[in-house]
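Chemist: Supplied structure: query11.pdb, PDB, C-alpha atoms.
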```
ATOM      1  CA  MET A  26      30.370-118.936 118.915  1.00  0.00           C
ATOM      2  CA  SER A  27      29.771-115.422 117.602  1.00  0.00           C
ATOM      3  CA  GLU A  28      29.549-114.679 113.900  1.00  0.00           C
ATOM      4  CA  SER A  29      32.857-112.788 113.989  1.00  0.00           C
ATOM      5  CA  GLU A  30      34.615-115.938 115.274  1.00  0.00           C
ATOM      6  CA  ILE A  31      33.385-118.132 112.394  1.00  0.00           C
ATOM      7  CA  THR A  32      36.186-118.422 109.869  1.00  0.00           C
ATOM      8  CA  GLU A  33      35.186-121.244 107.520  1.00  0.00           C
ATOM      9  CA  ILE A  34      32.186-122.277 105.471  1.00  0.00           C
ATOM     10  CA  LEU A  35      31.316-125.681 104.033  1.00  0.00           C
ATOM     11  CA  CYS A  36      30.337-125.282 100.367  1.00  0.00           C
ATOM     12  CA  PHE A  37      27.837-127.436  98.466  1.00  0.00           C
ATOM     13  CA  PRO A  38      28.358-127.073  94.718  1.00  0.00           C
ATOM     14  CA  GLY A  39      25.224-127.555  92.672  1.00  0.00           C
ATOM     15  CA  SER A  40      24.349-127.660  89.014  1.00  0.00           C
ATOM     16  CA  ARG A  41      22.589-124.275  89.110  1.00  0.00           C
ATOM     17  CA  LYS A  42      23.184-122.804  92.565  1.00  0.00           C
ATOM     18  CA  ASN A  43      25.924-123.131  95.131  1.00  0.00           C
ATOM     19  CA  TYR A  44      25.118-123.141  98.830  1.00  0.00           C
ATOM     20  CA  ALA A  45      27.215-123.062 101.991  1.00  0.00           C
ATOM     21  CA  VAL A  46      26.817-123.203 105.781  1.00  0.00           C
ATOM     22  CA  ASP A  47      29.015-121.982 108.604  1.00  0.00           C
ATOM     23  CA  PHE A  48      31.321-124.866 109.402  1.00  0.00           C
ATOM     24  CA  SER A  49      30.610-124.426 113.126  1.00  0.00           C
ATOM     25  CA  CYS A  50      27.034-125.702 112.484  1.00  0.00           C
ATOM     26  CA  VAL A  51      28.219-128.912 110.816  1.00  0.00           C
ATOM     27  CA  VAL A  52      28.028-131.959 113.074  1.00  0.00           C
ATOM     28  CA  GLU A  53      28.909-134.682 110.576  1.00  0.00           C
ATOM     29  CA  ILE A  54      29.406-135.417 106.890  1.00  0.00           C
ATOM     30  CA  SER A  55      28.297-138.940 106.043  1.00  0.00           C
ATOM     31  CA  TYR A  56      28.629-141.044 102.932  1.00  0.00           C
ATOM     32  CA  ASP A  57      26.593-144.029 104.112  1.00  0.00           C
ATOM     33  CA  PHE A  58      23.315-142.874 105.661  1.00  0.00           C
ATOM     34  CA  LYS A  59      20.275-144.871 104.642  1.00  0.00           C
ATOM     35  CA  ILE A  60      17.482-142.439 103.877  1.00  0.00           C
ATOM     36  CA  SER A  61      13.931-143.707 104.400  1.00  0.00           C
ATOM     37  CA  LYS A  62      11.389-142.136 102.055  1.00  0.00           C
ATOM     38  CA  ILE A  63       8.131-140.719 103.373  1.00  0.00           C
ATOM     39  CA  PRO A  64       5.265-140.299 100.874  1.00  0.00           C
ATOM     40  CA  CYS A  65       3.256-137.128 100.253  1.00  0.00           C
ATOM     41  CA  MET A  66       5.957-134.680 101.302  1.00  0.00           C
ATOM     42  CA  PRO A  67       7.240-131.559  99.494  1.00  0.00           C
ATOM     43  CA  TRP A  68       9.625-132.158  96.547  1.00  0.00           C
ATOM     44  CA  ASP A  69      12.707-131.143  98.526  1.00  0.00           C
ATOM     45  CA  PHE A  70      12.015-133.481 101.455  1.00  0.00           C
ATOM     46  CA  GLU A  71      14.216-136.515 100.758  1.00  0.00           C
ATOM     47  CA  GLY A  72      13.072-138.504 103.812  1.00  0.00           C
ATOM     48  CA  VAL A  73      14.460-139.259 107.259  1.00  0.00           C
ATOM     49  CA  CYS A  74      17.610-140.940 108.493  1.00  0.00           C
ATOM     50  CA  SER A  75      18.720-142.312 111.829  1.00  0.00           C
ATOM     51  CA  TYR A  76      21.403-140.252 113.530  1.00  0.00           C
ATOM     52  CA  LYS A  77      22.599-141.424 116.958  1.00  0.00           C
ATOM     53  CA  GLY A  78      19.235-142.977 117.762  1.00  0.00           C
ATOM     54  CA  ALA A  79      17.099-140.062 116.555  1.00  0.00           C
ATOM     55  CA  MET A  80      15.208-139.739 113.284  1.00  0.00           C
ATOM     56  CA  ILE A  81      16.094-136.491 111.542  1.00  0.00           C
ATOM     57  CA  PRO A  82      14.648-134.965 108.357  1.00  0.00           C
ATOM     58  CA  VAL A  83      16.782-134.898 105.214  1.00  0.00           C
ATOM     59  CA  ILE A  84      16.242-132.121 102.683  1.00  0.00           C
ATOM     60  CA  LYS A  85      17.587-132.104  99.111  1.00  0.00           C
ATOM     61  CA  ILE A  86      19.718-129.168  98.071  1.00  0.00           C
ATOM     62  CA  GLU A  87      18.591-129.472  94.429  1.00  0.00           C
ATOM     63  CA  GLU A  88      15.515-130.612  92.556  1.00  0.00           C
ATOM     64  CA  ALA A  89      15.305-134.295  91.626  1.00  0.00           C
ATOM     65  CA  GLN A  90      16.265-133.954  87.961  1.00  0.00           C
ATOM     66  CA  GLU A  91      19.266-131.778  88.848  1.00  0.00           C
ATOM     67  CA  ALA A  92      20.458-134.124  91.575  1.00  0.00           C
ATOM     68  CA  ASP A  93      20.128-137.147  89.282  1.00  0.00           C
ATOM     69  CA  GLU A  94      22.786-135.658  87.006  1.00  0.00           C
ATOM     70  CA  GLY A  95      25.316-135.725  89.863  1.00  0.00           C
ATOM     71  CA  ASN A  96      27.265-138.683  91.198  1.00  0.00           C
ATOM     72  CA  GLN A  97      24.697-141.055  92.691  1.00  0.00           C
ATOM     73  CA  SER A  98      27.131-143.825  93.639  1.00  0.00           C
ATOM     74  CA  ARG A  99      27.294-142.428  97.182  1.00  0.00           C
ATOM     75  CA  VAL A 100      24.717-140.744  99.354  1.00  0.00           C
ATOM     76  CA  ILE A 101      26.295-137.596 100.804  1.00  0.00           C
ATOM     77  CA  VAL A 102      24.459-136.110 103.792  1.00  0.00           C
ATOM     78  CA  VAL A 103      25.663-133.163 105.849  1.00  0.00           C
ATOM     79  CA  ILE A 104      24.169-133.037 109.351  1.00  0.00           C
ATOM     80  CA  VAL A 105      23.781-129.507 110.728  1.00  0.00           C
ATOM     81  CA  LYS A 106      22.591-128.496 114.181  1.00  0.00           C
ATOM     82  CA  HIS A 107      21.095-125.471 115.883  1.00  0.00           C
ATOM     83  CA  ARG A 108      20.352-125.830 119.584  1.00  0.00           C
ATOM     84  CA  LYS A 109      18.508-129.166 119.908  1.00  0.00           C
ATOM     85  CA  TYR A 110      17.426-129.392 116.255  1.00  0.00           C
ATOM     86  CA  PHE A 111      19.216-131.427 113.592  1.00  0.00           C
ATOM     87  CA  LEU A 112      18.782-131.382 109.830  1.00  0.00           C
ATOM     88  CA  GLY A 113      20.299-133.553 107.130  1.00  0.00           C
ATOM     89  CA  ILE A 114      21.142-131.899 103.819  1.00  0.00           C
ATOM     90  CA  ARG A 115      21.416-134.316 100.875  1.00  0.00           C
ATOM     91  CA  LEU A 116      24.096-133.220  98.437  1.00  0.00           C
ATOM     92  CA  SER A 117      24.545-134.115  94.797  1.00  0.00           C
ATOM     93  CA  ARG A 118      28.277-133.334  94.763  1.00  0.00           C
ATOM     94  CA  GLU A 119      31.276-133.441  97.087  1.00  0.00           C
ATOM     95  CA  PRO A 120      31.384-130.552  99.636  1.00  0.00           C
ATOM     96  CA  TYR A 121      34.517-128.546 100.413  1.00  0.00           C
ATOM     97  CA  ILE A 122      35.651-125.919 102.924  1.00  0.00           C
ATOM     98  CA  ILE A 123      36.725-122.359 102.182  1.00  0.00           C
ATOM     99  CA  SER A 124      37.695-119.499 104.453  1.00  0.00           C
ATOM    100  CA  TYR A 125      35.524-116.409 104.837  1.00  0.00           C
ATOM    101  CA  THR A 126      38.677-114.356 104.278  1.00  0.00           C
ATOM    102  CA  ASP A 127      39.130-115.955 100.831  1.00  0.00           C
ATOM    103  CA  ALA A 128      35.559-115.128  99.792  1.00  0.00           C
ATOM    104  CA  GLU A 129      34.151-111.705  99.003  1.00  0.00           C
ATOM    105  CA  LYS A 130      30.766-110.760 100.475  1.00  0.00           C
ATOM    106  CA  ILE A 131      28.514-109.182  97.877  1.00  0.00           C
ATOM    107  CA  THR A 132      25.071-107.635  97.858  1.00  0.00           C
ATOM    108  CA  ASN A 133      22.379-109.864  96.435  1.00  0.00           C
ATOM    109  CA  PRO A 134      21.401-108.082  93.209  1.00  0.00           C
ATOM    110  CA  LEU A 135      17.895-109.539  93.288  1.00  0.00           C
ATOM    111  CA  GLY A 136      17.348-108.752  96.951  1.00  0.00           C
ATOM    112  CA  VAL A 137      15.579-112.072  97.473  1.00  0.00           C
ATOM    113  CA  ALA A 138      16.274-115.135  99.564  1.00  0.00           C
ATOM    114  CA  ALA A 139      17.936-118.230  98.131  1.00  0.00           C
ATOM    115  CA  SER A 140      14.640-120.151  98.114  1.00  0.00           C
ATOM    116  CA  GLU A 141      11.493-120.624 100.142  1.00  0.00           C
ATOM    117  CA  ARG A 142      13.130-123.389 102.175  1.00  0.00           C
ATOM    118  CA  TRP A 143      16.588-121.901 102.767  1.00  0.00           C
ATOM    119  CA  LYS A 144      16.991-118.644 104.693  1.00  0.00           C
ATOM    120  CA  GLU A 145      20.021-116.773 103.406  1.00  0.00           C
ATOM    121  CA  LYS A 146      22.678-115.276 105.683  1.00  0.00           C
ATOM    122  CA  GLY A 147      24.729-113.734 102.900  1.00  0.00           C
ATOM    123  CA  LEU A 148      25.972-114.059  99.353  1.00  0.00           C
ATOM    124  CA  TYR A 149      29.675-114.641  98.738  1.00  0.00           C
ATOM    125  CA  ARG A 150      31.871-114.841  95.661  1.00  0.00           C
ATOM    126  CA  TYR A 151      34.780-117.293  95.562  1.00  0.00           C
ATOM    127  CA  ARG A 152      36.736-118.095  92.390  1.00  0.00           C
ATOM    128  CA  ASP A 153      34.062-116.676  90.070  1.00  0.00           C
ATOM    129  CA  LYS A 154      31.251-118.657  91.724  1.00  0.00           C
ATOM    130  CA  LEU A 155      28.488-117.341  93.960  1.00  0.00           C
ATOM    131  CA  TYR A 156      27.620-119.101  97.221  1.00  0.00           C
ATOM    132  CA  SER A 157      24.425-118.498  99.130  1.00  0.00           C
ATOM    133  CA  VAL A 158      25.341-119.013 102.794  1.00  0.00           C
ATOM    134  CA  ILE A 159      22.397-120.660 104.535  1.00  0.00           C
ATOM    135  CA  ASP A 160      21.360-119.250 107.899  1.00  0.00           C
ATOM    136  CA  VAL A 161      20.999-122.574 109.734  1.00  0.00           C
ATOM    137  CA  GLU A 162      19.298-120.997 112.753  1.00  0.00           C
ATOM    138  CA  LYS A 163      16.537-119.270 110.756  1.00  0.00           C
ATOM    139  CA  THR A 164      16.128-122.192 108.349  1.00  0.00           C
ATOM    140  CA  LEU A 165      15.615-124.703 111.172  1.00  0.00           C
ATOM    141  CA  GLU A 166      13.351-122.373 113.123  1.00  0.00           C
ATOM    142  CA  GLY A 167      11.255-121.940 109.964  1.00  0.00           C
ATOM    143  CA  MET A 168      10.820-125.721 109.733  1.00  0.00           C
ATOM    144  CA  VAL A 169       9.870-126.296 113.371  1.00  0.00           C
ATOM    145  CA  PHE A 170       6.180-126.227 114.241  1.00  0.00           C
ATOM    146  CA  TYR A 171       5.542-124.474 117.536  1.00  0.00           C
ATOM    147  CA  PRO A 172       2.174-125.551 119.024  1.00  0.00           C
TER     148      PRO A 172
END
```
Just give me the structure of the file as structure tokens.
Modeler:
Amino acid sequence: MSESEITEILCFPGSRKNYAVDFSCVVEISYDFKISKIPCMPWDFEGVCSYKGAMIPVIKIEEAQEADEGNQSRVIVVIVKHRKYFLGIRLSREPYIISYTDAEKITNPLGVAASERWKEKGLYRYRDKLYSVIDVEKTLEGMVFYP
């Protein structure tokens, strides 16, 4: 699917930043994944979970203290895919869908990426909030080790 055909984004509201991904990359939104912790990993690596027989990494969208302020009664994980690679994104709040036509693309005033982990596709404004749209392809390719 070309970028011009993508009409919706899935938004992840956070306590300090808001992120989003193209809805075409979303495979599943789950409220009951069991995440297995792995020691000695970077702060944003939540662990791994089993998805259709495969173990996939789960990354936190926010730092631990920020995520702890959110609703922890349910584990919300969004599974995204690019080619053969899957990634789970642990959310601290309920995601929702908006249309690209409802959001206004703006120029990033800082000219920097969203974070070291997340590669940014664009910055959008919707109802007085800014959303950093994650480039799933570049983010996953940045995480994959090519021998």
Chemist: Please evaluate the PyMOL selection byres ((chain A and resi 64-79) around 9) against the displayed coordinates and give the resulting residues as a list of chain:residue names.
Modeler: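 That selection, the PyMOL selection byres ((chain A and resi 64-79) around 9), comes back as A:Phe58, A:Lys59, A:Ile60, A:Ser61, A:Lys62, A:Ile63, A:Met80, A:Ile81, A:Pro82, A:Val83, A:Ile84, A:Lys85, A:Ile86, A:Glu87, A:Glu88, A:Ala89, A:Ile104, A:Gly113, A:Ile114, A:Arg115, A:Arg142.
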Chemist: How about saving the chosen residues, C-alpha atoms kept, as a PDB file, in the frame of the given file?
Modeler:
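See out00.pdb below for the written result:
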```
ATOM      1  CA  PHE A  58      23.315-142.874 105.661  1.00  0.00           C
ATOM      2  CA  LYS A  59      20.275-144.871 104.642  1.00  0.00           C
ATOM      3  CA  ILE A  60      17.482-142.439 103.877  1.00  0.00           C
ATOM      4  CA  SER A  61      13.931-143.707 104.400  1.00  0.00           C
ATOM      5  CA  LYS A  62      11.389-142.136 102.055  1.00  0.00           C
ATOM      6  CA  ILE A  63       8.131-140.719 103.373  1.00  0.00           C
ATOM      7  CA  MET A  80      15.208-139.739 113.284  1.00  0.00           C
ATOM      8  CA  ILE A  81      16.094-136.491 111.542  1.00  0.00           C
ATOM      9  CA  PRO A  82      14.648-134.965 108.357  1.00  0.00           C
ATOM     10  CA  VAL A  83      16.782-134.898 105.214  1.00  0.00           C
ATOM     11  CA  ILE A  84      16.242-132.121 102.683  1.00  0.00           C
ATOM     12  CA  LYS A  85      17.587-132.104  99.111  1.00  0.00           C
ATOM     13  CA  ILE A  86      19.718-129.168  98.071  1.00  0.00           C
ATOM     14  CA  GLU A  87      18.591-129.472  94.429  1.00  0.00           C
ATOM     15  CA  GLU A  88      15.515-130.612  92.556  1.00  0.00           C
ATOM     16  CA  ALA A  89      15.305-134.295  91.626  1.00  0.00           C
ATOM     17  CA  ILE A 104      24.169-133.037 109.351  1.00  0.00           C
ATOM     18  CA  GLY A 113      20.299-133.553 107.130  1.00  0.00           C
ATOM     19  CA  ILE A 114      21.142-131.899 103.819  1.00  0.00           C
ATOM     20  CA  ARG A 115      21.416-134.316 100.875  1.00  0.00           C
ATOM     21  CA  ARG A 142      13.130-123.389 102.175  1.00  0.00           C
TER      22      ARG A 142
END
```
Chemist: Using Å and a single decimal, report how far atom CA of A:Arg150 sits from atom CA of A:Arg41.
Modeler: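 Answer for the atom CA of A:Arg41 to atom CA of A:Arg150 separation: 14.8 Å.
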Chemist: Report, in Å with one decimal, the straight-line distance from atom CA of A:Val52 to atom CA of A:Ile131.
Modeler: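 Computing the Euclidean distance for atom CA of A:Val52 and atom CA of A:Ile131 yields 27.4 Å.
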Chemist: Using the chain letters and residue numbers of this document, give as an MDAnalysis selection string the residues selected by the PyMOL selection byres ((chain A and resi 156) around 9).
Modeler: chainID A and resid 36:38 42:45 147:151 154:155 157:158
Chemist: I need the residue nearest A:Ala128 from this list: A:Arg99, A:Lys144, A:Arg152, A:Lys163. Use only C-alpha atoms for the distance.
Modeler: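 Using only C-alpha atoms, the shortest distance to A:Ala128 belongs to A:Arg152.
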Chemist: Distance atom CA of A:Lys146-atom CA of A:Tyr56, one decimal place?
Modeler: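 Atom-to-atom, atom CA of A:Lys146 to atom CA of A:Tyr56, that is 26.6 Å.
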Chemist: Choose the residue, out of A:Val51, A:Leu35, A:Leu165, A:Val100, that has the smallest atom-to-atom separation from A:Pro120; count only C-alpha atoms.
Modeler: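 Checking each candidate against A:Pro120, we get A:Leu35 as the closest.
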Chemist: Might I get the box with edges along x, y and z of the file that holds all atoms of stretch 60-71 of chain A listed there, padded by 3 Å on every side, given as centre and edge lengths in Å to one decimal, as lines of an AutoDock Vina configuration file?
Modeler:
```
center_x = 10.4
center_y = -137.4
center_z = 100.5
size_x = 20.2
size_y = 18.6
size_z = 13.9
```
Chemist: Using all atoms listed in the file for the distances, tell me which of A:Tyr110, A:Val103, A:Asp153, A:Glu162 is nearest to A:Asp127.
Modeler: A:Asp153
Chemist: Put stretch 111-172 of chain A into a file with C-alpha atoms, as a compact mmCIF listing (two decimals), in the first residue's frame.
Modeler:
```txt
# COMPACT_ATOMS: atom_id res chain seq x y z
CA PHE A 111 6.89 -7.89 14.11
CA LEU A 112 7.12 -5.51 17.05
CA GLY A 113 4.92 -5.11 20.09
CA ILE A 114 4.41 -1.59 21.43
CA ARG A 115 3.31 -1.44 25.08
CA LEU A 116 0.92 1.44 25.69
CA SER A 117 0.05 3.20 28.91
CA ARG A 118 -3.30 4.49 27.64
CA GLU A 119 -6.09 3.46 25.27
CA PRO A 120 -5.24 3.98 21.55
CA TYR A 121 -7.64 5.55 19.05
CA ILE A 122 -7.86 6.09 15.28
CA ILE A 123 -7.92 9.41 13.45
CA SER A 124 -7.93 10.24 9.76
CA TYR A 125 -4.96 11.89 8.07
CA THR A 126 -7.43 14.36 6.56
CA ASP A 127 -8.49 15.47 10.06
CA ALA A 128 -4.89 16.10 11.13
CA GLU A 129 -2.62 18.89 9.97
CA LYS A 130 0.97 18.02 9.01
CA ILE A 131 3.44 20.46 10.53
CA THR A 132 7.17 20.99 10.36
CA ASN A 133 9.05 19.75 13.40
CA PRO A 134 10.32 22.98 14.99
CA LEU A 135 13.27 21.20 16.59
CA GLY A 136 14.21 19.32 13.44
CA VAL A 137 14.99 16.20 15.44
CA ALA A 138 13.57 12.70 15.56
CA ALA A 139 11.03 11.63 18.17
CA SER A 140 13.65 9.61 20.07
CA GLU A 141 16.64 7.38 19.51
CA ARG A 142 14.39 4.32 19.27
CA TRP A 143 11.53 5.67 17.16
CA LYS A 144 12.16 6.93 13.62
CA GLU A 145 9.72 9.70 12.80
CA LYS A 146 7.72 9.83 9.57
CA GLY A 147 6.04 13.15 10.30
CA LEU A 148 4.57 15.42 12.93
CA TYR A 149 0.83 16.06 12.94
CA ARG A 150 -1.49 18.30 14.92
CA TYR A 151 -4.97 17.08 15.85
CA ARG A 152 -7.24 18.88 18.33
CA ASP A 153 -4.40 20.94 19.82
CA LYS A 154 -2.18 17.89 20.38
CA LEU A 155 0.96 16.92 18.49
CA TYR A 156 1.46 13.35 17.26
CA SER A 157 4.79 11.98 16.14
CA VAL A 158 3.96 9.41 13.45
CA ILE A 159 6.41 6.52 13.77
CA ASP A 160 7.97 5.21 10.58
CA VAL A 161 7.48 1.50 11.28
CA GLU A 162 9.71 0.41 8.39
CA LYS A 163 12.74 2.47 9.47
CA THR A 164 12.18 1.78 13.18
CA LEU A 165 12.11 -2.00 12.66
CA GLU A 166 15.04 -1.94 10.25
CA GLY A 167 17.00 0.03 12.86
CA MET A 168 16.34 -2.71 15.43
CA VAL A 169 17.28 -5.65 13.22
CA PHE A 170 20.88 -6.84 13.32
CA TYR A 171 22.16 -7.78 9.88
CA PRO A 172 25.16 -10.15 10.14
```
